[in-house]
Amino acid sequence: MKIDLSQMITEGRNPASQNIDELSTEAMLRVINDEDKKVALAVEAIVPQIAEVVEAICAAFQVGGRLIYCGAGTSGRLGILDASECPPTFGTPRTQVVGLIAGGHTAILQAVENAEDNREQGAQDLKDIHFSHKDILVGIAASGRTPYVLGALEYASACGATTAALTCNPNSTMAQAARMALTPLVGPEVLTGSSRMKAGTAQKLVLNMLTTGAMIRSGKVYGNLMVDVEATNQKLLQRQINIVMQATDCDEATASAALTSCSGHCKTAIVMVLGGLEADEAKALLARHQGFIRQALHNV
């Protein structure tokens with residue numbers, strides 16, 4: 001089946017880089033950098049739509065639902081990257097944010113031939129993780145036409161779940177198939193059709209905003225501190241101590257003692273120090289306020 005790429009902005013030829021192979025190395029890199037500068041502005045233009053999706057993700061979390069990313073190639077890998085960073089950064093269960101990629105685990109490291117064209121597999125991969133109406137699906141594809149992702153979006157819609165499409169071409173098939181559309185228009189790539197570049201960068205920025213925004217709204221950030229960070233290595237153990245010190249203006253000894261007494265849970269340690277509470281008291285207070293530190297402290 002012939003695919004008409006001529007109408008896709010991401011497949012257009014960029015006049016700024018048509019002679020890039022004749023430029024000096026520095027001049028070549030300046031062309032790339034100048035094009036990359038456009039990405040943040042393209043994302044800025046859709047902040048209201050991103051906010052809508054963040055609110056939908058929060059609503060899904062509140063009823064025990066999950067955020068599922070689905071993509072192929074670069075888009076799928078970006079979804080997996082964002083999902084994999086949530087547990088260590090925000091202390092979330094590893095099943096709360098999940099990334100699916102066409103071709104499965106093998107495709108994370110290398111291309112799997114024709115995997116993105118398998119529409120039925122997109123639906124099957126959701127069935128395999130017991131996707132339900134409580135979950136939210138974000139389909140990711142620069143082109144906006146990837147069959148694997150379309151199959152997943154159609155299945156998710158049939159389940160009654162909330163759906164969003166993150167693409168870089170306007171009026172795409174995916175955008176029409178989803179309840180909400182996120183379409184940062186970054187223009188033609190420096191290398192024609194290489195959507196791992198500007199389109200991929202835009203997708204990365206948006207995905208960061210989706211999870212970070214949802215986690216802030218879920219009480220996993222206090223000020224700008226990652227108060228649910230998991231201490232899985234020596235650096236993060238020190239980060240926990242620093243977070244407690246920064247949140248409470250206490251000294252290192254006090255922060256370390258509080259963390260030790262509450263089994264290394266930053267939120268509890270912060271409430272202990274600021275509220276003058278024992279570990280069990282601080283933990284119970286946080287539980288009554290769904291883990292939100294500010295609300296808990298207002299009721300000390």
# chains A, B, ... in the order shown; residues from 1 in each chain; ligands from 1
call {"tool": "select_by_dssp", "arguments": {"residues": "range 17-206 of chain A", "states": "strand (DSSP E or B)", "output": "list of chain:residue names"}}
result
A:Leu67, A:Ile68, A:Tyr69, A:Cys70, A:Gly71, A:Val97, A:Val98, A:Gly99, A:Leu100, A:Ile101, A:Ile136, A:Leu137, A:Val138, A:Gly139, A:Ile140, A:Thr162, A:Thr163, A:Ala164, A:Ala165, A:Leu166, A:Met180, A:Ala181, A:Leu182
call {"tool": "write_last_selection", "arguments": {"atoms": "N, CA, C and O atoms", "output": "CSV table (one decimal), in the first residue's frame"}}
result
chain,number,residue,atom,x,y,z
A,67,LEU,N,-1.4,5.5,33.5
A,67,LEU,CA,-1.1,6.2,32.3
A,67,LEU,C,-0.3,5.3,31.4
A,67,LEU,O,0.8,4.7,31.8
A,68,ILE,N,-0.8,5.0,30.2
A,68,ILE,CA,-0.1,4.1,29.3
A,68,ILE,C,0.3,4.9,28.1
A,68,ILE,O,-0.5,5.6,27.4
A,69,TYR,N,1.6,4.8,27.8
A,69,TYR,CA,2.1,5.4,26.5
A,69,TYR,C,2.2,4.3,25.5
A,69,TYR,O,2.5,3.1,25.8
A,70,CYS,N,2.0,4.6,24.2
A,70,CYS,CA,2.0,3.7,23.2
A,70,CYS,C,2.6,4.3,21.9
A,70,CYS,O,2.2,5.4,21.5
A,71,GLY,N,3.7,3.7,21.4
A,71,GLY,CA,4.3,4.3,20.2
A,71,GLY,C,5.2,3.3,19.5
A,71,GLY,O,5.3,2.1,19.9
A,97,VAL,N,2.7,4.1,35.5
A,97,VAL,CA,3.0,4.7,34.2
A,97,VAL,C,3.8,3.6,33.4
A,97,VAL,O,4.9,3.2,33.8
A,98,VAL,N,3.2,3.2,32.2
A,98,VAL,CA,3.7,2.1,31.4
A,98,VAL,C,4.0,2.6,30.0
A,98,VAL,O,3.1,3.2,29.4
A,99,GLY,N,5.1,2.2,29.4
A,99,GLY,CA,5.4,2.4,28.0
A,99,GLY,C,5.3,1.2,27.2
A,99,GLY,O,5.9,0.2,27.5
A,100,LEU,N,4.5,1.2,26.1
A,100,LEU,CA,4.4,0.1,25.2
A,100,LEU,C,5.1,0.5,23.8
A,100,LEU,O,4.9,1.7,23.4
A,101,ILE,N,5.8,-0.4,23.2
A,101,ILE,CA,6.4,-0.1,21.9
A,101,ILE,C,6.1,-1.2,20.9
A,101,ILE,O,6.1,-2.4,21.3
A,136,ILE,N,-5.7,5.8,31.2
A,136,ILE,CA,-5.6,6.8,30.1
A,136,ILE,C,-4.5,6.4,29.2
A,136,ILE,O,-3.4,6.0,29.6
A,137,LEU,N,-4.8,6.5,27.9
A,137,LEU,CA,-3.8,6.1,26.8
A,137,LEU,C,-3.3,7.3,26.1
A,137,LEU,O,-4.1,8.1,25.6
A,138,VAL,N,-2.0,7.5,26.0
A,138,VAL,CA,-1.4,8.6,25.2
A,138,VAL,C,-0.7,7.9,24.1
A,138,VAL,O,0.4,7.2,24.3
A,139,GLY,N,-1.2,8.0,22.9
A,139,GLY,CA,-0.6,7.5,21.7
A,139,GLY,C,0.4,8.5,21.1
A,139,GLY,O,0.1,9.7,21.1
A,140,ILE,N,1.6,8.0,20.8
A,140,ILE,CA,2.7,8.9,20.4
A,140,ILE,C,3.2,8.5,19.0
A,140,ILE,O,3.6,7.3,18.7
A,162,THR,N,-10.1,7.3,28.5
A,162,THR,CA,-9.7,8.6,28.0
A,162,THR,C,-8.4,8.4,27.1
A,162,THR,O,-7.5,7.6,27.4
A,163,THR,N,-8.4,9.1,26.0
A,163,THR,CA,-7.3,8.9,25.0
A,163,THR,C,-6.8,10.3,24.6
A,163,THR,O,-7.5,11.3,24.5
A,164,ALA,N,-5.5,10.3,24.3
A,164,ALA,CA,-4.8,11.5,23.8
A,164,ALA,C,-3.8,11.1,22.7
A,164,ALA,O,-3.2,10.0,22.8
A,165,ALA,N,-3.6,11.9,21.7
A,165,ALA,CA,-2.6,11.7,20.7
A,165,ALA,C,-1.6,12.7,20.7
A,165,ALA,O,-1.9,13.9,20.6
A,166,LEU,N,-0.3,12.4,20.7
A,166,LEU,CA,0.8,13.3,20.6
A,166,LEU,C,1.5,13.1,19.3
A,166,LEU,O,2.1,12.1,19.0
A,180,MET,N,-8.3,13.8,22.9
A,180,MET,CA,-7.6,15.0,23.0
A,180,MET,C,-6.3,14.9,22.1
A,180,MET,O,-5.8,13.8,22.0
A,181,ALA,N,-6.0,16.0,21.5
A,181,ALA,CA,-4.9,16.1,20.6
A,181,ALA,C,-3.8,17.0,21.1
A,181,ALA,O,-4.1,18.2,21.5
A,182,LEU,N,-2.5,16.6,21.1
A,182,LEU,CA,-1.4,17.4,21.4
A,182,LEU,C,-0.5,17.4,20.1
A,182,LEU,O,0.0,16.4,19.7
call {"tool": "select_by_dssp", "arguments": {"residues": "range 109-235 of chain A", "states": "helix (DSSP H, G or I)", "output": "number ranges by chain"}}
result
A: 115-117, 119-128, 147-158, 173-177, 198-217, 234-235
call {"tool": "closest_atom_pairs", "arguments": {"of": "range 202-238 of chain A", "to": "range 75-88 of chain A", "cutoff": "7 Å", "atoms": "only C-alpha atoms", "output": "Markdown table"}}
result
| residue | atom | partner | partner_atom | distance |
| --- | --- | --- | --- | --- |
| A:Lys204 | CA | A:Leu78 | CA | 6.3 |
| A:Leu207 | CA | A:Asp82 | CA | 6.6 |
| A:Asn208 | CA | A:Asp82 | CA | 6.8 |
| A:Val229 | CA | A:Pro88 | CA | 5.8 |
| A:Glu230 | CA | A:Pro88 | CA | 5.0 |
call {"tool": "write_last_selection", "arguments": {"atoms": "all heavy atoms", "output": "PDB file, in the first residue's frame"}}
result
ATOM      1  N   LYS A 204       9.570  14.552  23.676  1.00  0.00           N
ATOM      2  CA  LYS A 204      10.231  14.402  24.971  1.00  0.00           C
ATOM      3  C   LYS A 204       9.800  15.514  25.933  1.00  0.00           C
ATOM      4  O   LYS A 204       9.495  15.266  27.109  1.00  0.00           O
ATOM      5  CB  LYS A 204      11.750  14.422  24.788  1.00  0.00           C
ATOM      6  CG  LYS A 204      12.578  14.341  26.077  1.00  0.00           C
ATOM      7  CD  LYS A 204      12.451  12.989  26.747  1.00  0.00           C
ATOM      8  CE  LYS A 204      13.520  12.752  27.806  1.00  0.00           C
ATOM      9  NZ  LYS A 204      13.463  13.693  28.938  1.00  0.00           N
ATOM     10  N   LEU A 207       6.111  14.882  27.015  1.00  0.00           N
ATOM     11  CA  LEU A 207       5.996  13.748  27.940  1.00  0.00           C
ATOM     12  C   LEU A 207       6.515  14.128  29.324  1.00  0.00           C
ATOM     13  O   LEU A 207       5.921  13.761  30.343  1.00  0.00           O
ATOM     14  CB  LEU A 207       6.763  12.536  27.393  1.00  0.00           C
ATOM     15  CG  LEU A 207       6.237  11.953  26.075  1.00  0.00           C
ATOM     16  CD1 LEU A 207       7.108  10.792  25.631  1.00  0.00           C
ATOM     17  CD2 LEU A 207       4.790  11.517  26.196  1.00  0.00           C
ATOM     18  N   ASN A 208       7.629  14.868  29.378  1.00  0.00           N
ATOM     19  CA  ASN A 208       8.135  15.349  30.667  1.00  0.00           C
ATOM     20  C   ASN A 208       7.082  16.181  31.383  1.00  0.00           C
ATOM     21  O   ASN A 208       6.899  16.069  32.601  1.00  0.00           O
ATOM     22  CB  ASN A 208       9.384  16.216  30.468  1.00  0.00           C
ATOM     23  CG  ASN A 208      10.634  15.406  30.197  1.00  0.00           C
ATOM     24  OD1 ASN A 208      10.646  14.194  30.320  1.00  0.00           O
ATOM     25  ND2 ASN A 208      11.695  16.088  29.810  1.00  0.00           N
ATOM     26  N   VAL A 229      11.213  10.844  46.078  1.00  0.00           N
ATOM     27  CA  VAL A 229      12.333  10.198  45.388  1.00  0.00           C
ATOM     28  C   VAL A 229      12.762   8.941  46.140  1.00  0.00           C
ATOM     29  O   VAL A 229      12.801   8.917  47.374  1.00  0.00           O
ATOM     30  CB  VAL A 229      13.519  11.172  45.235  1.00  0.00           C
ATOM     31  CG1 VAL A 229      14.124  11.552  46.581  1.00  0.00           C
ATOM     32  CG2 VAL A 229      14.586  10.597  44.314  1.00  0.00           C
ATOM     33  N   GLU A 230      13.059   7.883  45.384  1.00  0.00           N
ATOM     34  CA  GLU A 230      13.531   6.632  45.983  1.00  0.00           C
ATOM     35  C   GLU A 230      15.050   6.647  46.074  1.00  0.00           C
ATOM     36  O   GLU A 230      15.730   6.980  45.107  1.00  0.00           O
ATOM     37  CB  GLU A 230      13.080   5.432  45.135  1.00  0.00           C
ATOM     38  CG  GLU A 230      11.596   5.136  45.227  1.00  0.00           C
ATOM     39  CD  GLU A 230      11.238   3.847  44.492  1.00  0.00           C
ATOM     40  OE1 GLU A 230      12.119   3.277  43.807  1.00  0.00           O
ATOM     41  OE2 GLU A 230      10.093   3.416  44.607  1.00  0.00           O
TER      42      GLU A 230
END
call {"tool": "residues_around", "arguments": {"residues": "Gln238 in chain A", "least_positions_apart": "4", "cutoff": "12 Å", "atoms": "only C-alpha atoms", "output": "number ranges by chain"}}
result
A: 229-234, 242-245, 252, 255-256, 259, 264, 266
call {"tool": "closest_residue", "arguments": {"among": "A:Thr211, A:Gln176, A:Gln290, A:Thr260", "to": "Val53 in chain A", "atoms": "only C-alpha atoms"}}
result
A:Thr211
call {"tool": "residues_around", "arguments": {"residues": "Ala123 in chain A", "least_positions_apart": "6", "cutoff": "7 Å", "atoms": "only C-alpha atoms", "output": "tab-separated table (two decimals) with N, CA and C atoms, in the first residue's frame"}}
result
chain	number	residue	atom	x	y	z
A	151	GLY	N	-4.42	1.28	16.33
A	151	GLY	CA	-5.11	0.10	16.86
A	151	GLY	C	-5.29	0.20	18.36
A	152	ALA	N	-4.26	0.71	19.04
A	152	ALA	CA	-4.35	0.87	20.49
A	152	ALA	C	-5.36	1.94	20.86
A	155	TYR	N	-8.89	0.60	20.46
A	155	TYR	CA	-9.25	-0.33	21.53
A	155	TYR	C	-9.53	0.42	22.83
call {"tool": "closest_residue", "arguments": {"among": "A:Cys262, A:Met272, A:Thr74, A:Ser17", "to": "Cys250 in chain A", "atoms": "only C-alpha atoms"}}
result
A:Met272
